[in-house]
Every structure is written in structure tokens, then in C-alpha cells.
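Inspection log for the structure reproduced underneath, given as C-alpha cells.
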Amino acid sequence: KLIGARYHNKGYMAAVGASGSPADYISPRDRHGHGTHTLSTAGGSPVLDASMFGLAKGTAKGGAPKARVAAYKVCWDQTASGSCFFADVLAAFDAAIGDGVDVISISIGGELEDYLKDASAIGSFHAISRGIPVTISAGNGGPGLGSVTNVAPWLFTVAAATSGRDFPASVSLGNGQTLK
């Protein structure tokens with residue numbers, strides 16, 4: 001699945017300096033699991049009999065299970081302030097375009113910005129102009145009015161949704177009453 005991994009941190013290092021030790025690995029390695037999660041969502045192989053504690057049993061798989069994935073890490077120090085610097089995001093787009101990827105999938109949220117101040121909008125515009133489609137998360141907030149942050153019209157913006165399933169459980173109270 002994972003055929004390559006790079007990291008981009010020159011913007012981060014310029015902002016915090018070499019002494020600003022991040023709570024993350026200075027490598028493509030992912031300390032918090034976000035990269036692993038997004039890779040499996042995009043290209044995860046089928047897993048038979050997957051379930052949540054025996055509920056909703058079925059086959060789990062990524063959107064393109066036969067895909068080969070290259071990862072480009074750009075966000076740093078996520079246990080503190082969380083930092084995805086403009087220069088690092090653009091460097092990753094340039095690297096992905098130069099590597100000849102077929103699709104770019106990004107999981108970065110933030111504040112709603114003018115397109116000219118939004119690294120994801122600018123980088124994705126360069127990718128789209130070279131025939132590379134870009135999917136991106138709707139953001140990391142919500143649900144709520146105005147919580148979608150990646151809105152450039154050339155992006156495929158994707159949001160999470162509830163599953164529409166109920167996972168009922170019963171609670172027996174001391175007075176003999178049972179609640180579902």
C-alpha cells in the first residue's frame with residue numbers, strides 16, 4: 001500500500017527554530033495515527049468480518065483498495081497548537097505533482113480563508129491545472145453552519161457523516177426499570 005513517504009517542515013522550523021522540539025517525529029512517521037487513518041480510508045485493503053464490538057459486521061475497505069499510496073506529512077506539533085505551515089503544504093503539493101501522482105487526497109482543516117491566502121487552495125489549483133484531481137476534508141469542525149472550510153470550487157470537498165445505524169443497548173436501573 002504505502003510505496004513512499006516524505007515530510008516537509010521548513011516552514012515549521014523557520015517559525016519555531018531548531019530548538020522548538022515538536023511533540024512529533026521529524027520524519028514521515030505519524031505519532032497520532034491520523035496518517036494511518038487517512039491512508040486506510042483512501043486505500044485500505046478489504047477486511048472481512050469487521051465490526052464495532054460485534055455490531056455492524058461486514059467488509060471494511062478504503063475507497064480505492066488497489067491504490068498505491070504516497071504520504072506527504074506537513075502538520076507538526078499536534079499535541080500543542082497544531083501547525084500546518086503554508087510553505088510546507090505547498091512543498092508537499094509540489095513534491096506530489098513532481099512524483100507524478102494520479103490523485104491527491106488531503107486531510108487538513110483550518111479556518112475559512114480567501115483563496116489567495118489558503119495553501120490548500122493554491123496547491124490544489126496547481127495540481128488541478130496539471131490534470132490531478134484533489135479531494136480534501138471539509139474541515140475538522142462541525143456539524144454546524146459555516147463549519148466547512150475547504151471550499152475552493154476546483155476541489156472535491158468531502159465531509160464525514162453519521163452512519164444512520166442504531167447500536168441499541170439496555171441499562172437496568174436499581175429500581176428495576178430498563179432503559180434502551
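We name chains A, B, ... following the order of the C-alpha cells; residues begin at 1 in each chain, and ligands are numbered from 1 as shown.
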
DSSP-assigned alpha helix (DSSP H) among region 52-165 of chain A, expressed as a VMD selection string
chain A and resid 86 to 99 119 to 129

Write out, as a short mmCIF file (atom, residue, chain, number, x, y, z; two decimals), in the first residue's frame, the residues just selected, with N, CA, C and O atoms.
```cif
data_model
loop_
_atom_site.label_atom_id
_atom_site.label_comp_id
_atom_site.auth_asym_id
_atom_site.auth_seq_id
_atom_site.Cartn_x
_atom_site.Cartn_y
_atom_site.Cartn_z
N PHE A 86 2.10 27.12 5.68
CA PHE A 86 1.85 27.42 4.28
C PHE A 86 2.94 26.83 3.39
O PHE A 86 2.66 26.12 2.42
N ALA A 87 4.21 27.12 3.71
CA ALA A 87 5.33 26.66 2.89
C ALA A 87 5.40 25.14 2.84
O ALA A 87 5.73 24.56 1.79
N ASP A 88 5.11 24.49 3.95
CA ASP A 88 5.18 23.03 3.99
C ASP A 88 4.06 22.40 3.16
O ASP A 88 4.28 21.40 2.46
N VAL A 89 2.87 22.96 3.22
CA VAL A 89 1.75 22.45 2.43
C VAL A 89 2.06 22.60 0.94
O VAL A 89 1.88 21.65 0.16
N LEU A 90 2.56 23.78 0.54
CA LEU A 90 2.89 23.97 -0.88
C LEU A 90 4.03 23.07 -1.32
O LEU A 90 4.02 22.55 -2.45
N ALA A 91 5.02 22.85 -0.45
CA ALA A 91 6.13 21.95 -0.79
C ALA A 91 5.62 20.53 -1.03
O ALA A 91 6.10 19.84 -1.94
N ALA A 92 4.66 20.10 -0.24
CA ALA A 92 4.11 18.75 -0.42
C ALA A 92 3.34 18.65 -1.74
O ALA A 92 3.44 17.64 -2.44
N PHE A 93 2.57 19.68 -2.08
CA PHE A 93 1.88 19.67 -3.38
C PHE A 93 2.90 19.59 -4.51
O PHE A 93 2.75 18.80 -5.44
N ASP A 94 3.95 20.42 -4.43
CA ASP A 94 4.98 20.39 -5.47
C ASP A 94 5.62 19.01 -5.57
O ASP A 94 5.86 18.51 -6.67
N ALA A 95 5.90 18.38 -4.43
CA ALA A 95 6.51 17.05 -4.42
C ALA A 95 5.57 16.02 -5.04
O ALA A 95 5.98 15.19 -5.86
N ALA A 96 4.29 16.07 -4.67
CA ALA A 96 3.32 15.10 -5.20
C ALA A 96 3.16 15.27 -6.70
O ALA A 96 3.13 14.28 -7.44
N ILE A 97 3.07 16.51 -7.15
CA ILE A 97 2.96 16.77 -8.60
C ILE A 97 4.21 16.26 -9.30
O ILE A 97 4.14 15.56 -10.32
N GLY A 98 5.38 16.56 -8.75
CA GLY A 98 6.65 16.10 -9.33
C GLY A 98 6.80 14.59 -9.32
O GLY A 98 7.42 14.01 -10.22
N ASP A 99 6.22 13.94 -8.32
CA ASP A 99 6.26 12.47 -8.23
C ASP A 99 5.32 11.80 -9.21
O ASP A 99 5.35 10.58 -9.36
N ALA A 119 -3.21 27.83 1.52
CA ALA A 119 -2.20 26.97 0.89
C ALA A 119 -2.83 25.78 0.20
O ALA A 119 -2.39 25.38 -0.89
N SER A 120 -3.86 25.19 0.78
CA SER A 120 -4.51 24.04 0.15
C SER A 120 -5.21 24.45 -1.15
O SER A 120 -5.17 23.71 -2.13
N ALA A 121 -5.82 25.61 -1.17
CA ALA A 121 -6.48 26.09 -2.39
C ALA A 121 -5.45 26.38 -3.47
O ALA A 121 -5.64 26.01 -4.64
N ILE A 122 -4.35 27.01 -3.10
CA ILE A 122 -3.31 27.34 -4.09
C ILE A 122 -2.64 26.07 -4.61
O ILE A 122 -2.50 25.88 -5.82
N GLY A 123 -2.22 25.21 -3.71
CA GLY A 123 -1.56 23.97 -4.12
C GLY A 123 -2.46 23.10 -4.96
O GLY A 123 -2.03 22.52 -5.98
N SER A 124 -3.72 23.00 -4.58
CA SER A 124 -4.65 22.17 -5.33
C SER A 124 -4.93 22.77 -6.70
O SER A 124 -5.12 22.03 -7.68
N PHE A 125 -4.93 24.09 -6.81
CA PHE A 125 -5.12 24.72 -8.12
C PHE A 125 -3.99 24.32 -9.07
O PHE A 125 -4.22 24.02 -10.24
N HIS A 126 -2.77 24.30 -8.55
CA HIS A 126 -1.62 23.87 -9.37
C HIS A 126 -1.79 22.41 -9.79
O HIS A 126 -1.50 22.05 -10.94
N ALA A 127 -2.26 21.56 -8.88
CA ALA A 127 -2.47 20.15 -9.21
C ALA A 127 -3.56 20.00 -10.26
O ALA A 127 -3.38 19.28 -11.26
N ILE A 128 -4.68 20.66 -10.05
CA ILE A 128 -5.81 20.58 -10.99
C ILE A 128 -5.39 21.06 -12.37
O ILE A 128 -5.76 20.47 -13.39
N SER A 129 -4.59 22.12 -12.43
CA SER A 129 -4.15 22.65 -13.73
C SER A 129 -3.25 21.67 -14.46
O SER A 129 -3.03 21.80 -15.66
#
```

Using only C-alpha atoms, determine which residues lie at most 9 Å from Ser27 (chain A), disregarding the query and same-chain residues fewer than 3 positions distant; provide the list as a VMD selection string.
chain A and resid 5 to 8 24 30 73

All strand (DSSP E) residues (DSSP, backbone) inside chain A, as a PyMOL selection string:
chain A and resi 2-7+47-52+55-60+69-73+75-76+83-84+104-106+134-137+156-158+171-172+178-179

Interatomic distance, CA of Ala169 (chain A) to CA of Leu55 (chain A) (Å, one decimal):
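Between CA of Ala169 (chain A) and CA of Leu55 (chain A) the gap works out to 11.1 Å.
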
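Counting only C-alpha atoms, the residue from A:Gln177, A:Thr59, A:Thr36, A:Ser107 that sits nearest to Asn140 (chain A) is A:Ser107.
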
What does the distance from CA of Ala160 (chain A) to CA of Val103 (chain A) come to in Å, to one decimal?
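Taking CA of Ala160 (chain A) as the start and CA of Val103 (chain A) as the end point, the length is 19.6 Å.
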
For CA of Lys66 (chain A) and CA of Leu48 (chain A), determine how far apart the two atoms are, in Å to one decimal place.
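So the two atoms, CA of Lys66 (chain A) and CA of Leu48 (chain A), lie 15.7 Å apart.
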
Min atom-atom distance to Ala70 (chain A) from the set A:Ile106, A:Cys84, A:Val171, A:Ala14, counting only C-alpha atoms, belongs to A:Ile106

For Glu113 (chain A), which residue among A:Gly141, A:Val148, A:Ala60, A:Ala71 is the nearest when counting only C-alpha atoms?
A:Val148

Residues of region 59-130 of chain A that approach region 42-46 of chain A to 10 Å or less, counting only C-alpha atoms: could you list each one with the shortest pair of atoms and its distance in Å to one decimal, rows by chain and increasing residue number, as JSON lines?
```
{"residue": "A:Thr59", "atom": "CA", "partner": "A:Pro46", "partner_atom": "CA", "distance": 6.3}
{"residue": "A:Ala60", "atom": "CA", "partner": "A:Pro46", "partner_atom": "CA", "distance": 5.6}
{"residue": "A:Lys61", "atom": "CA", "partner": "A:Pro46", "partner_atom": "CA", "distance": 4.4}
{"residue": "A:Gly62", "atom": "CA", "partner": "A:Gly44", "partner_atom": "CA", "distance": 4.2}
{"residue": "A:Gly63", "atom": "CA", "partner": "A:Ala42", "partner_atom": "CA", "distance": 5.1}
{"residue": "A:Ala64", "atom": "CA", "partner": "A:Gly43", "partner_atom": "CA", "distance": 4.8}
{"residue": "A:Pro65", "atom": "CA", "partner": "A:Gly43", "partner_atom": "CA", "distance": 4.5}
{"residue": "A:Lys66", "atom": "CA", "partner": "A:Gly43", "partner_atom": "CA", "distance": 6.7}
{"residue": "A:Ala67", "atom": "CA", "partner": "A:Gly43", "partner_atom": "CA", "distance": 5.4}
{"residue": "A:Arg68", "atom": "CA", "partner": "A:Gly43", "partner_atom": "CA", "distance": 7.2}
{"residue": "A:Val69", "atom": "CA", "partner": "A:Gly43", "partner_atom": "CA", "distance": 7.1}
{"residue": "A:Ser105", "atom": "CA", "partner": "A:Ala42", "partner_atom": "CA", "distance": 7.7}
```

Which residue out of A:Ser137, A:Leu116, A:Glu111, A:Trp76 has the minimum interatomic distance to His32 (chain A) when only C-alpha atoms are used?
A:Trp76

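Remark: for Phe156 (chain A), the closest of the candidate residues A:Leu112, A:Ala138, A:Val74, A:Val101 is A:Ala138 (distances computed over only C-alpha atoms).
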